[in-house]
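Only one structure is covered here, and it is reproduced in the block below.
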There are 2 protein chains.
Amino acid sequence: MTDAMTPENISVLEALHSTPARRYLSTDPIPDEIIWELLDAAVRGPSGGNSQLWAWIVLRDPEKKRQIAQWYREGWQAVYGPRREKELNGDATGRRTYLSAEHLAEHLEDAPVWIIPALLGPGESKNPRLGSSIYGAVQQLMLAARAYGIGATLTTLYSGHDKETCELLGLPEKSITMALVPLGYPVKGRWAQPKRRPLEEVVHWDAYGANRPRSAEQ
Amino acid sequence: MTDAMTPENISVLEALHSTPARRYLSTDPIPDEIIWELLDAAVRGPSGGNSQLWAWIVLRDPEKKRQIAQWYREGWQAVYGPRREKELNGDATGRRTYLSAEHLAEHLEDAPVWIIPALLGPGESKNPRLGSSIYGAVQQLMLAARAYGIGATLTTLYSGHDKETCELLGLPEKSITMALVPLGYPVKGRWAQPKRRPLEEVVHWDAYGANRPRSAEQ
């Protein structure tokens with residue numbers, strides 16, 4: 001990256017294949033203008049019925065970050081604490097991922113900017129597909145960040161304290177926060193392709209368990 | 001587009017700003033190799049704890065598409081049917097969007113390929129953030145499709161019949177389908193920037209309702 005204000009000119013396919021979660025972030029500030037550009041790209045993502053009943057909180061206030069980071073660490077401990085020994089004794093990738101996630105939990109408030117996308121209105125929604133109107137936009141945010149050399153991670157571990165988070169951020173009644181995305185310039189790791197299970201194992205043709213047809217019969 | 005097999009070399013920022021829902025699709029087939037490329041980009045999206053407990057169904061079977069399309073139209077009628085008159089008498093953008101969504105509902109099974117991403121295990125989940133482990137990947141799918149000149153829409157209107165859909169697709173118990181993404185080469189419309197509310201209305205700095213600070217104080 002030659003200049004923080006100028007996005008890297010990478011192709012969309014290259015970006016899709018090289019935007020892993022970045023969890024080691026510097027405390028260097030991110031210019032307001034860039035935050036704005038990231039959000040301008042985010043909101044072009046899908047919103048059911050184009051309703052856009054969303055709010056995007058840019059959080060830099062140290063006190064509020066500190067409070068939410070405590071809630072995050074509570075969630076982290078509850079979910080990942082018990083797995084520590086197992087993960088650290090597992091394979092290299094699992095160990096590396098665990099340690100980076102632990103680092104993020106311990107240093108969450110050091111990320112210079114957090115984005116907290118919220119939905120307005122659903123309140124106590126029990127709809128498992130509620131996120132279809134926000135997480136696509138969150139992915140757009142992270143891909144735009146990639147273009148500016150800014151790392152991000154989609155996290156939800158703070159959400160056991162969603163109500164308190166809504167209150168702390170002054171969100172209207174019946175709002176729900178959907179994620180916490182810490183942003184920062186990466187200090188470790190690289191823009192490599194996320195490792196995933198072989199595609200053959202997760203893609204099914206016309207029915208679960210069915211392989212790719214020998215001849216296309218469209 | 002000069003050659004269907006060669007992706008367009010557009011930058012990631014350009015793609016993020018020019019990938020609207022495309023609802024007028026041709027029946028022309030999509031080569032298997034391209035479907036594979038789209039899914040290979042999709043699975044690089046976020047999966048909580050990198051668990052990847054997902055299945056990606058490529059649906060081309062005409063009978064199964066016809067059945068699910070009926071369920072989709074049921075959902076469409078229930079949600080959008082009552083709004084028809086109001087939307088058609090509204091502003092030009094609203095009218096155009098309504099008519100395109102109605103067209104999609106009426107012609108859903110004509111799209112040559114559907115992608116149905118599912119999560120394995122959550123069953124009757126009431127977690128409103130469940131989609132954080134799939135919709136980012138779905139957005140990656142749609143952006144990769146954009147590069148190949150293929151249009152897509154994220155839809156969930158079939159989901160009143162999720163259980164029957166799971167059964168029809170042979171998904172394991174406790175699976176849940178998260179979306180239906182019809183894919184096809186667009187025959188109408190263009191790769192224009194999705195219209196959204198002014199960013200000032202949806203972005204809040206440190207607290208809901210707060211404007212951008214005059215001086216950055218990071």
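Each chain of the structure tokens is named A, B, ... in the order shown, its residues numbered from 1; ligands are numbered from 1 in display order.
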Tell me, as a list in words, which residues lie within 6 Å of Tyr185 (chain A), counting only C-alpha atoms; anything in the same chain fewer than 4 positions away does not count.
Leu25, Ser26, Ile150 and Gly151 of chain A
May I have a table of the residues of chain A lying at most 7 Å from chain B, giving each one's closest pair of atoms and their distance in Å to one decimal, counting only C-alpha atoms, ordered by chain and ascending residue number, as a tab-separated table?
residue	atom	partner	partner_atom	distance
A:Asn9	CA	B:Ser11	CA	6.0
A:Ile10	CA	B:Ser11	CA	5.4
A:Ser11	CA	B:Ser11	CA	4.0
A:Val12	CA	B:Val12	CA	3.8
A:Leu13	CA	B:Ala144	CA	6.2
A:Ala15	CA	B:Val12	CA	6.4
A:Leu16	CA	B:Ala41	CA	5.9
A:His17	CA	B:Ala41	CA	6.1
A:Pro29	CA	B:Gln218	CA	6.1
A:Asp40	CA	B:Leu199	CA	6.7
A:Ala41	CA	B:Leu16	CA	5.9
A:Arg44	CA	B:Pro194	CA	5.6
A:Trp54	CA	B:Val202	CA	6.7
A:Ala55	CA	B:Val202	CA	4.9
A:Trp56	CA	B:Val203	CA	4.8
A:Ile57	CA	B:His204	CA	4.9
A:Val58	CA	B:Trp205	CA	4.9
A:Leu59	CA	B:Asp206	CA	4.5
A:Arg60	CA	B:Asp206	CA	6.2
A:Asp61	CA	B:Asp206	CA	6.1
A:Ser125	CA	B:Pro128	CA	6.3
A:Lys126	CA	B:Lys126	CA	4.4
A:Asn127	CA	B:Pro128	CA	5.3
A:Pro128	CA	B:Pro128	CA	4.7
A:Arg129	CA	B:Gly131	CA	6.0
A:Leu130	CA	B:Pro128	CA	5.5
A:Gly131	CA	B:Gly131	CA	5.1
A:Ser132	CA	B:Tyr135	CA	6.2
A:Tyr135	CA	B:Tyr135	CA	5.5
A:Gly136	CA	B:Gly136	CA	5.0
A:Gln139	CA	B:Gly136	CA	5.1
A:Gln140	CA	B:Leu16	CA	6.4
A:Ala144	CA	B:Leu13	CA	6.2
A:Leu169	CA	B:Ala207	CA	4.7
A:Gly170	CA	B:Tyr208	CA	5.3
A:Leu171	CA	B:Tyr208	CA	5.4
A:Met178	CA	B:Arg129	CA	6.3
A:Pro194	CA	B:Arg44	CA	5.6
A:Leu199	CA	B:Asp40	CA	6.7
A:Val202	CA	B:Ala55	CA	4.9
A:Val203	CA	B:Trp56	CA	4.8
A:His204	CA	B:Ile57	CA	4.9
A:Trp205	CA	B:Val58	CA	4.9
A:Asp206	CA	B:Leu59	CA	4.5
A:Ala207	CA	B:Leu169	CA	4.7
A:Tyr208	CA	B:Gly170	CA	5.3
A:Gln218	CA	B:Pro29	CA	6.1
Would you export the selected residues with N, CA and C atoms as a compact mmCIF listing (two decimals), in the first residue's frame, please?
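Wrote it out as part.txt, contents follow:
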# COMPACT_ATOMS: atom_id res chain seq x y z
N ASN A 9 -5.91 -1.47 -6.23
CA ASN A 9 -6.71 -1.78 -7.40
C ASN A 9 -6.76 -3.29 -7.64
N ILE A 10 -7.35 -4.02 -6.68
CA ILE A 10 -7.43 -5.47 -6.90
C ILE A 10 -8.78 -5.84 -7.47
N SER A 11 -8.79 -6.93 -8.21
CA SER A 11 -10.03 -7.36 -8.85
C SER A 11 -10.96 -7.95 -7.79
N VAL A 12 -12.23 -7.99 -8.11
CA VAL A 12 -13.20 -8.51 -7.15
C VAL A 12 -12.92 -9.98 -6.83
N LEU A 13 -12.56 -10.78 -7.83
CA LEU A 13 -12.31 -12.20 -7.53
C LEU A 13 -11.09 -12.36 -6.62
N ALA A 15 -10.07 -10.23 -4.42
CA ALA A 15 -10.48 -9.81 -3.06
C ALA A 15 -11.30 -10.91 -2.38
N LEU A 16 -12.20 -11.54 -3.13
CA LEU A 16 -13.04 -12.59 -2.54
C LEU A 16 -12.20 -13.75 -2.03
N HIS A 17 -11.05 -13.94 -2.67
CA HIS A 17 -10.19 -15.08 -2.30
C HIS A 17 -9.07 -14.70 -1.32
N PRO A 29 -4.84 5.29 13.80
CA PRO A 29 -6.19 5.73 13.45
C PRO A 29 -6.51 5.49 11.98
N ASP A 40 -20.14 3.45 2.72
CA ASP A 40 -20.84 3.72 1.46
C ASP A 40 -20.88 2.47 0.58
N ALA A 41 -19.85 1.65 0.69
CA ALA A 41 -19.85 0.36 -0.03
C ALA A 41 -20.75 -0.65 0.69
N ARG A 44 -24.61 -0.77 0.02
CA ARG A 44 -25.05 -1.26 -1.30
C ARG A 44 -25.37 -2.75 -1.24
N TRP A 54 -31.77 -0.14 9.15
CA TRP A 54 -30.52 -0.44 9.82
C TRP A 54 -29.83 0.82 10.30
N ALA A 55 -28.92 0.65 11.24
CA ALA A 55 -28.07 1.74 11.73
C ALA A 55 -26.66 1.21 11.78
N TRP A 56 -25.73 2.03 11.40
CA TRP A 56 -24.32 1.65 11.41
C TRP A 56 -23.61 2.56 12.40
N ILE A 57 -23.24 1.98 13.55
CA ILE A 57 -22.57 2.78 14.58
C ILE A 57 -21.06 2.69 14.37
N VAL A 58 -20.44 3.84 14.23
CA VAL A 58 -18.97 3.92 14.18
C VAL A 58 -18.52 4.20 15.60
N LEU A 59 -17.87 3.23 16.21
CA LEU A 59 -17.53 3.41 17.62
C LEU A 59 -16.03 3.63 17.81
N ARG A 60 -15.70 4.78 18.40
CA ARG A 60 -14.30 5.07 18.72
C ARG A 60 -14.15 5.49 20.17
N ASP A 61 -15.27 5.75 20.83
CA ASP A 61 -15.26 6.20 22.23
C ASP A 61 -14.58 5.14 23.11
N SER A 125 -36.72 -10.56 18.03
CA SER A 125 -36.90 -11.48 16.91
C SER A 125 -36.25 -12.83 17.16
N LYS A 126 -36.99 -13.87 16.78
CA LYS A 126 -36.46 -15.24 16.88
C LYS A 126 -36.26 -15.81 15.47
N ASN A 127 -36.19 -14.92 14.49
CA ASN A 127 -36.07 -15.34 13.09
C ASN A 127 -34.61 -15.67 12.76
N PRO A 128 -34.32 -16.94 12.48
CA PRO A 128 -32.93 -17.30 12.19
C PRO A 128 -32.40 -16.71 10.89
N ARG A 129 -33.30 -16.18 10.04
CA ARG A 129 -32.86 -15.56 8.78
C ARG A 129 -32.87 -14.04 8.86
N LEU A 130 -33.00 -13.51 10.06
CA LEU A 130 -33.02 -12.05 10.23
C LEU A 130 -31.78 -11.40 9.59
N GLY A 131 -30.65 -12.06 9.72
CA GLY A 131 -29.39 -11.50 9.23
C GLY A 131 -29.30 -11.37 7.73
N SER A 132 -30.29 -11.92 6.98
CA SER A 132 -30.22 -11.80 5.52
C SER A 132 -30.30 -10.34 5.08
N TYR A 135 -26.01 -9.05 6.95
CA TYR A 135 -24.66 -9.62 6.88
C TYR A 135 -24.03 -9.55 5.49
N GLY A 136 -24.86 -9.47 4.46
CA GLY A 136 -24.31 -9.25 3.12
C GLY A 136 -23.64 -7.88 3.07
N GLN A 139 -20.40 -7.94 4.86
CA GLN A 139 -19.34 -8.53 4.03
C GLN A 139 -18.81 -7.50 3.04
N GLN A 140 -19.71 -6.67 2.51
CA GLN A 140 -19.28 -5.59 1.61
C GLN A 140 -18.33 -4.65 2.35
N ALA A 144 -14.53 -3.92 1.21
CA ALA A 144 -14.08 -2.55 0.93
C ALA A 144 -12.86 -2.23 1.81
N LEU A 169 -25.32 2.45 23.38
CA LEU A 169 -25.18 3.17 22.11
C LEU A 169 -26.37 4.07 21.83
N GLY A 170 -27.35 4.06 22.73
CA GLY A 170 -28.52 4.92 22.56
C GLY A 170 -29.43 4.50 21.44
N LEU A 171 -29.41 3.23 21.08
CA LEU A 171 -30.28 2.76 19.99
C LEU A 171 -31.75 2.78 20.43
N MET A 178 -26.26 -6.51 15.49
CA MET A 178 -26.09 -7.77 14.77
C MET A 178 -24.64 -8.25 14.72
N PRO A 194 -8.50 -17.81 2.77
CA PRO A 194 -8.96 -18.59 3.93
C PRO A 194 -9.01 -20.08 3.60
N LEU A 199 -14.20 -28.28 -1.58
CA LEU A 199 -15.51 -27.89 -2.11
C LEU A 199 -16.39 -29.12 -2.36
N VAL A 202 -18.80 -29.96 0.44
CA VAL A 202 -19.87 -29.05 0.88
C VAL A 202 -20.84 -28.66 -0.23
N VAL A 203 -20.49 -29.01 -1.48
CA VAL A 203 -21.38 -28.69 -2.60
C VAL A 203 -22.11 -29.96 -3.03
N HIS A 204 -23.40 -29.83 -3.23
CA HIS A 204 -24.25 -30.98 -3.55
C HIS A 204 -25.11 -30.60 -4.76
N TRP A 205 -25.26 -31.55 -5.67
CA TRP A 205 -25.96 -31.25 -6.92
C TRP A 205 -27.37 -31.83 -6.92
N ASP A 206 -28.34 -30.98 -6.82
CA ASP A 206 -29.78 -31.31 -6.83
C ASP A 206 -30.27 -32.01 -5.57
N ALA A 207 -29.39 -32.62 -4.80
CA ALA A 207 -29.79 -33.24 -3.53
C ALA A 207 -28.57 -33.40 -2.64
N TYR A 208 -28.78 -33.31 -1.36
CA TYR A 208 -27.70 -33.47 -0.40
C TYR A 208 -27.02 -34.83 -0.61
N GLN A 218 -28.78 -29.30 -18.17
CA GLN A 218 -29.66 -28.15 -17.95
C GLN A 218 -30.72 -28.02 -19.01
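Taking region 1-210 of chain B and asking which residues DSSP calls strand (DSSP E) on the backbone, you get Trp54, Ala55, Trp56, Ile57, Val58, Leu59, Val113, Trp114, Ile115, Ile116, Pro117, Ala118, Leu119, Leu120, Gly151, Ala152, Ser175, Ile176, Thr177, Val181, Pro182, Leu183, Gly184, Val203, His204 and Trp205 of chain B.
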With C-alpha atoms retained, could you export that selection as an mmCIF file, in the first residue's frame?
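Saved as again21.cif:
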data_model
loop_
_atom_site.group_PDB
_atom_site.id
_atom_site.type_symbol
_atom_site.label_atom_id
_atom_site.label_comp_id
_atom_site.auth_asym_id
_atom_site.auth_seq_id
_atom_site.Cartn_x
_atom_site.Cartn_y
_atom_site.Cartn_z
ATOM 1 C CA TRP B 54 -22.879 -25.658 5.780
ATOM 2 C CA ALA B 55 -24.119 -27.283 2.599
ATOM 3 C CA TRP B 56 -24.470 -25.560 -0.745
ATOM 4 C CA ILE B 57 -27.155 -27.143 -2.916
ATOM 5 C CA VAL B 58 -26.917 -26.468 -6.647
ATOM 6 C CA LEU B 59 -30.464 -26.941 -7.835
ATOM 7 C CA VAL B 113 -29.501 -22.545 -11.552
ATOM 8 C CA TRP B 114 -30.491 -21.979 -7.960
ATOM 9 C CA ILE B 115 -28.105 -22.035 -5.057
ATOM 10 C CA ILE B 116 -29.644 -22.993 -1.712
ATOM 11 C CA PRO B 117 -27.186 -22.559 1.160
ATOM 12 C CA ALA B 118 -28.102 -24.487 4.297
ATOM 13 C CA LEU B 119 -26.710 -24.801 7.798
ATOM 14 C CA LEU B 120 -26.333 -28.263 9.286
ATOM 15 C CA GLY B 151 -27.212 -11.959 -11.993
ATOM 16 C CA ALA B 152 -28.467 -13.078 -8.583
ATOM 17 C CA SER B 175 -30.697 -28.647 8.889
ATOM 18 C CA ILE B 176 -32.112 -25.283 7.959
ATOM 19 C CA THR B 177 -32.080 -23.673 4.533
ATOM 20 C CA VAL B 181 -30.381 -17.536 -4.789
ATOM 21 C CA PRO B 182 -31.586 -17.804 -8.398
ATOM 22 C CA LEU B 183 -28.724 -17.325 -10.872
ATOM 23 C CA GLY B 184 -28.893 -16.435 -14.538
ATOM 24 C CA VAL B 203 -24.376 6.201 10.012
ATOM 25 C CA HIS B 204 -23.980 7.337 13.617
ATOM 26 C CA TRP B 205 -20.772 8.310 15.366
#
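CA of Ile35 (chain A) is positioned 11.7 Å from CA of Ala4 (chain A).
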Expected answer as a list in words: helix (DSSP H, G or I) residues in region 127-181 of chain A:
Leu130, Gly131, Ser132, Ser133, Tyr135, Gly136, Ala137, Val138, Gln139, Gln140, Leu141, Met142, Leu143, Ala144, Ala145, Arg146, Ala147, Leu157, Tyr158, Ser159, Gly160, His161, Asp162, Lys163, Glu164, Thr165, Cys166, Glu167 and Leu168 of chain A
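Taking CA of Arg66 (chain A) as the reference point, CA of Asp110 (chain A) is found at 9.1 Å.
Contact shell of Tyr24 (chain B) at 6 Å (only C-alpha atoms; same-chain neighbours under 4 positions omitted): Pro186, Val187 and Lys188 of chain B.
Our summary of the geometry notes that CA of Val79 (chain B) is positioned 19.1 Å from CA of Gln67 (chain B).
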